[in-house]
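Data block below; observations after.
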Amino acid sequence: MAEAATPERAPEPERAPDPRADPGERVSLREAAAVALALLVVHLVLFLELSPLPHSDLQGYVEPAYHLAKEGTLRAPGSQYVDLTYQLRAYFILPGFSLMLGTWLWTFGMGVRSLLAFTHVVHATYLGALWFVARNRLGATRIVASLLVISAFPRFNHGRPDVAALLFGTLGWLAAPRKDELGRSFLSGLFLGAAVLVSLPFGASSAAVVGLDVLVRPRERWRPRIAAALVLAGTAVLVVLATTAAVLAAQGHPELAFQQLPVHARLRGGQLNTLPDLRATYAIVFGIVPLALTLLPAAFLLTRFRDPTERPLLTAARIYVGGFLVWFAINRGPLVFGNHFTFLGRPALHGALLSSPRRGWRIAGAVLLVPFTLLSFYHDKDTFLALANGTIVKGYEDVASMRLDPAAVVAVDSMYLPLLYRDEKTICYESMWENYWESYRDATSPAALALLPEERRKGPVLPSTIVVSSITLDRLDVPDPRVWELASGEMPIERATILGKSVRFPARPLAVHVYVRKPQR
């Protein structure tokens with residue numbers, strides 16, 4: 001008797017590989033060495049030219065790290081024009097960056113080259129880690145990984161914690177689990193906790209990106225990814241709380257911390273969490289336009305795709321939008337004004353588009369990434385303009401040869417701080433322009449103010465001399481002519497020329513300008 005014929009099943013349609021569900025291509029030792037060599041050469045050339053110039057916030061972050069390295073206390077007497085209590089202790093930010101930079105300064109000392117070397121080491125390591133994320137986590141080709149690293153290159157933020165937090169966030173992404181690996185979740189949580197400790201907005205947004213990558217990446221079961229996300233988040237929170245508590249316990253004056261942290265969060269946090277005027281040219285060019293190149297395609301992808309073959313794009317869109325909302329909730333002003341160029345979720349979005357199996361999405365990814373990268377380079381053009389003029393080394397040599405009156409209290413800007421800083425004899429010039437001390441004093445309890453010596457409760461010290469660079473004067477304008485008179489330097493400031501055209505950048509950005517206080521009548 002003949003057997004009954006069995007109907008054949010129709011073959012299942014092939015699905016495009018999901019780079020997030022797969023470990024991705026392993027980076028060979030030769031490729032890793034080539035990337036490391038390229039980064040080393042580029043950063044070494046910039047370092048030898050003393051580029052980039054410090055950020056205007058260098059004074060606010062370096063001073064407490066310097067005192068931590070020198071005497072074991074976090075304090076910032078030079079920033080007393082922001083808060084008088086900084087003369088005793090400076091708890092205005094989480095302590096991660098001060099611990100990190102303070103360890104470096106304890107080892108190598110404070111100087112122009114020491115601080116610049118720290119910046120370059122962090123920046124180069126971050127870009128190298130980003131390359132590995134693109135190749136191993138995002139499944140990107142070498143060309144796509146190169147484009148993502150180039151697009152992230154311009155942001156150095158020499159003197160701020162931003163890139164250091166991005167470094168830890170990127171390492172946390174590399175360590176994040178792919179399967180049921182709670183050990184890797186714990187390691188990732190350690191890195192992400194460090195990222196938050198170094199910079200709350202950069203760290204929290206990076207932690208959100210990595211957590212969402214673990215949580216929403218396609219898997220067979222929800223339970224393992226929820227467990228991984230909980231271990232990751234719990235470890236990060238524990239690192240932040242335990243480290244902060246340990247630092248506060250070791251510093252003394254813990255009551256100042258419970259004054260400064262909420263006062264700073266309310267006053268400075270309120271300023272940073274206010275949207276700028278979005279009608280201004282700067283906001284349109286560097287805020288609205290580049291954000292449109294990322295937010296609009298991400299929003300479109302969220303509503304468009306349900307096809308499993310396009311799942312990597314949908315996952316990338318979820319990661320981008322979720323992480324962006326976390327950052328926007330706590331730091332919207334700086335985010336819109338330029339920090340979005342270094343948002344860790346952005347490489348995931350552009351990388352997914354450029355790595356799509358469909359040619360149309362790869363073209364769309366290139367069309368979006370190219371103008372975004374050009375705007376990012378232009379936003380940080382000061383670094384490259386100063387490098388093109390070749391006057392940085394000479395400028396620092398002029399400052400190093402200066403001799404200050406040992407008894408004089410001198411205000412210096414962030415450009416000169418590493419060379420001219422003297423404990424209790426230096427006022428940070430940028431903080432004089434902020435001049436928030438009255439509002440901070442009024443928001444601080446009398447008990448906390450009573451910890452200050454009586455003569456220091458009345459107001460900040462008025463310096464007798466100001467030593468400031470051309471680039472700082474160009475950014476902030478000249479000191480009040482009713483109080484200060486120019487003793488040396490050239491005014492007006494000569495403009496640099498690029499390809500025969502004058503640009504709004506000093507020809508000698510580190511040219512020294514000295515102001516002295518006029519006699520009181």
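Order determines the names: the first chain of the structure tokens is A, the second B, and so forth; residues in each chain are numbered 1 upward, and ligands are numbered 1 upward as they are shown.
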Report as a PyMOL selection string all protein, DNA and RNA residues lying within 6 Å of Pro509 in chain A, evaluated on only C-alpha atoms, omitting residues in the same chain fewer than 3 positions from it. chain A and resi 470-471+506
Residues of range 157-232 of chain A within 12 Å of range 43-66 of chain A: nearest atom pair and distance (Å, one decimal) for each, counting only C-alpha atoms, sorted by chain and number, as a tab-separated table?
```
residue	atom	partner	partner_atom	distance
A:Asn157	CA	A:His55	CA	5.9
A:His158	CA	A:Pro54	CA	4.9
A:Gly159	CA	A:Leu58	CA	4.0
A:Arg160	CA	A:Leu58	CA	6.0
A:Pro161	CA	A:Tyr61	CA	7.9
A:Asp162	CA	A:Tyr61	CA	11.2
A:Val198	CA	A:Tyr61	CA	10.8
A:Ser199	CA	A:Tyr61	CA	11.2
```
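The protein and nucleic acid residues lying at most 7 Å from Asp213 in chain A are A:Val209, A:Arg217, A:Ile319, with only C-alpha atoms considered and sequence neighbours fewer than 4 positions away removed.
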With C-alpha atoms retained, export the selected residues as a CSV table (one decimal), in the first residue's frame.
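Output below, filename result.csv:
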```
chain,number,residue,atom,x,y,z
A,209,VAL,CA,21.1,54.4,26.4
A,217,ARG,CA,17.1,44.4,22.2
A,319,ILE,CA,17.5,53.9,22.5
```
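What separates CA of Arg318 in chain A from CA of Pro276 in chain A is a distance of 26.2 Å.
Note that the spacing between CA of Val516 in chain A and CA of Tyr396 in chain A amounts to 21.1 Å.
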What's around Ala348 in chain A at 9 Å? Count only C-alpha atoms, leave out sequence neighbours fewer than 3 positions away in its own chain, and write the answer as an mmCIF file with all heavy atoms, in the first residue's frame.
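And here is the file that came out, selection-v5.cif:
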```cif
data_model
loop_
_atom_site.group_PDB
_atom_site.id
_atom_site.type_symbol
_atom_site.label_atom_id
_atom_site.label_comp_id
_atom_site.auth_asym_id
_atom_site.auth_seq_id
_atom_site.Cartn_x
_atom_site.Cartn_y
_atom_site.Cartn_z
ATOM 1 N N ALA A 134 30.968 50.458 18.002
ATOM 2 C CA ALA A 134 30.421 50.435 16.647
ATOM 3 C C ALA A 134 30.628 49.079 15.987
ATOM 4 O O ALA A 134 29.723 48.557 15.315
ATOM 5 C CB ALA A 134 31.079 51.538 15.809
ATOM 6 N N LEU A 138 27.213 47.425 17.564
ATOM 7 C CA LEU A 138 26.302 47.913 16.530
ATOM 8 C C LEU A 138 26.454 47.153 15.222
ATOM 9 O O LEU A 138 25.685 47.382 14.288
ATOM 10 C CB LEU A 138 26.535 49.405 16.283
ATOM 11 C CG LEU A 138 26.445 50.312 17.515
ATOM 12 C CD1 LEU A 138 26.699 51.765 17.130
ATOM 13 C CD2 LEU A 138 25.091 50.173 18.194
ATOM 14 N N ALA A 316 17.331 51.046 17.628
ATOM 15 C CA ALA A 316 18.186 52.232 17.709
ATOM 16 C C ALA A 316 17.361 53.484 17.974
ATOM 17 O O ALA A 316 17.782 54.367 18.731
ATOM 18 C CB ALA A 316 18.988 52.383 16.421
ATOM 19 N N ALA A 317 16.197 53.586 17.348
ATOM 20 C CA ALA A 317 15.332 54.746 17.565
ATOM 21 C C ALA A 317 14.843 54.797 19.007
ATOM 22 O O ALA A 317 14.787 55.867 19.622
ATOM 23 C CB ALA A 317 14.155 54.697 16.600
ATOM 24 N N ILE A 319 16.365 53.538 21.624
ATOM 25 C CA ILE A 319 17.517 53.900 22.458
ATOM 26 C C ILE A 319 17.770 55.394 22.395
ATOM 27 O O ILE A 319 17.987 56.059 23.418
ATOM 28 C CB ILE A 319 18.759 53.111 21.985
ATOM 29 C CG1 ILE A 319 18.612 51.640 22.352
ATOM 30 C CG2 ILE A 319 20.028 53.683 22.592
ATOM 31 C CD1 ILE A 319 19.711 50.778 21.770
ATOM 32 N N TYR A 320 17.733 55.952 21.188
ATOM 33 C CA TYR A 320 18.017 57.386 21.031
ATOM 34 C C TYR A 320 16.971 58.234 21.750
ATOM 35 O O TYR A 320 17.310 59.114 22.550
ATOM 36 C CB TYR A 320 18.053 57.766 19.551
ATOM 37 C CG TYR A 320 18.369 59.231 19.350
ATOM 38 C CD1 TYR A 320 19.683 59.672 19.224
ATOM 39 C CD2 TYR A 320 17.359 60.190 19.337
ATOM 40 C CE1 TYR A 320 19.981 61.007 19.085
ATOM 41 C CE2 TYR A 320 17.651 61.536 19.202
ATOM 42 C CZ TYR A 320 18.962 61.939 19.076
ATOM 43 O OH TYR A 320 19.246 63.264 18.951
ATOM 44 N N LEU A 344 25.446 59.875 23.559
ATOM 45 C CA LEU A 344 25.890 58.524 23.242
ATOM 46 C C LEU A 344 24.870 57.739 22.414
ATOM 47 O O LEU A 344 25.237 56.774 21.737
ATOM 48 C CB LEU A 344 26.205 57.767 24.537
ATOM 49 C CG LEU A 344 27.054 56.506 24.414
ATOM 50 C CD1 LEU A 344 28.385 56.799 23.733
ATOM 51 C CD2 LEU A 344 27.286 55.878 25.775
ATOM 52 N N GLY A 345 23.599 58.161 22.456
ATOM 53 C CA GLY A 345 22.608 57.461 21.647
ATOM 54 C C GLY A 345 22.682 57.794 20.174
ATOM 55 O O GLY A 345 22.155 57.045 19.331
ATOM 56 N N GLY A 351 24.558 54.798 13.206
ATOM 57 C CA GLY A 351 25.179 53.520 12.889
ATOM 58 C C GLY A 351 24.185 52.503 12.374
ATOM 59 O O GLY A 351 24.477 51.744 11.441
ATOM 60 N N ALA A 352 22.972 52.462 12.959
ATOM 61 C CA ALA A 352 21.949 51.525 12.487
ATOM 62 C C ALA A 352 21.507 51.868 11.068
ATOM 63 O O ALA A 352 21.292 50.974 10.242
ATOM 64 C CB ALA A 352 20.755 51.540 13.438
ATOM 65 N N LEU A 353 21.361 53.153 10.787
ATOM 66 C CA LEU A 353 20.968 53.559 9.427
ATOM 67 C C LEU A 353 22.054 53.195 8.416
ATOM 68 O O LEU A 353 21.769 52.622 7.351
ATOM 69 C CB LEU A 353 20.710 55.060 9.393
ATOM 70 C CG LEU A 353 19.425 55.546 10.084
ATOM 71 C CD1 LEU A 353 19.452 57.058 10.232
ATOM 72 C CD2 LEU A 353 18.193 55.114 9.303
#
```
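Counting from CA of Leu476 in chain A, the distance to CA of Trp433 in chain A is 7.9 Å.
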If DSSP is run on the backbone, what residues of range 283-500 of chain A are helix (DSSP H, G or I)? A reply as a PyMOL selection string would be ideal. chain A and resi 283-304+308-336+339-342+345-354+359-379+381-389+392-400+417-420+429-434+437-443+446-449+454-456+470-476
All residues 8 Å or closer to Glu424 in chain A, only C-alpha atoms, same chain fewer than 5 positions away omitted, as a compact mmCIF listing (two decimals) with N, CA and C atoms, in the first residue's frame:
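The result, written out as result-v8.txt:
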```txt
# COMPACT_ATOMS: atom_id res chain seq x y z
N PRO A 77 38.38 78.00 46.66
CA PRO A 77 38.35 79.41 47.09
C PRO A 77 38.37 80.39 45.93
N GLY A 78 38.92 80.01 44.79
CA GLY A 78 38.94 80.91 43.64
C GLY A 78 37.58 81.13 43.03
N VAL A 409 46.27 89.57 45.36
CA VAL A 409 45.19 88.66 44.95
C VAL A 409 44.90 88.97 43.49
```
Judged by only C-alpha atoms, the minimum distance to Leu375 in chain A among A:Arg26, A:Arg422, A:Arg359, A:His340 is found for A:His340
With only C-alpha atoms as the counted atoms, please give the residues lying no more than 12 Å from Glu31 in chain A, apart from itself and same-chain residues fewer than 6 positions off, as an NGL selection string. :A and (25 or 37-38 or 128 or 131-132 or 135 or 141-142 or 145-146)
Keeping only C-alpha atoms, write the selected residues to a file as a short mmCIF file (atom, residue, chain, number, x, y, z; two decimals), in the first residue's frame.
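Wrote it out as result_0.cif, contents follow:
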```
data_model
loop_
_atom_site.label_atom_id
_atom_site.label_comp_id
_atom_site.auth_asym_id
_atom_site.auth_seq_id
_atom_site.Cartn_x
_atom_site.Cartn_y
_atom_site.Cartn_z
CA GLU A 25 32.32 41.00 13.99
CA LEU A 37 48.06 54.00 16.25
CA ALA A 38 45.87 56.43 14.29
CA GLY A 128 38.82 53.94 20.74
CA TRP A 131 35.13 52.24 17.66
CA PHE A 132 34.74 48.92 19.50
CA ARG A 135 32.09 47.22 15.52
CA THR A 141 31.64 47.96 9.09
CA ARG A 142 35.06 49.57 9.36
CA ALA A 145 32.83 52.88 12.47
CA SER A 146 35.31 55.38 11.03
#
```
What's around Ser206 in chain A at 9 Å? Count only C-alpha atoms, leave out sequence neighbours fewer than 4 positions away in its own chain, and write the answer as an NGL selection string. :A and (165-166 or 168-170 or 172-173 or 192 or 195-196 or 201-202 or 210-211 or 323 or 327 or 343-345)
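Taking only C-alpha atoms into account, Pro492 in chain A lies nearest to A:Val478 out of the set A:Val478, A:Pro519, A:Glu255, A:Val82.
Proximity ranking of A:Ala496, A:Ala90, A:Val42, A:Leu84 relative to Asp382 in chain A places A:Ala496 first, based on only C-alpha atoms.
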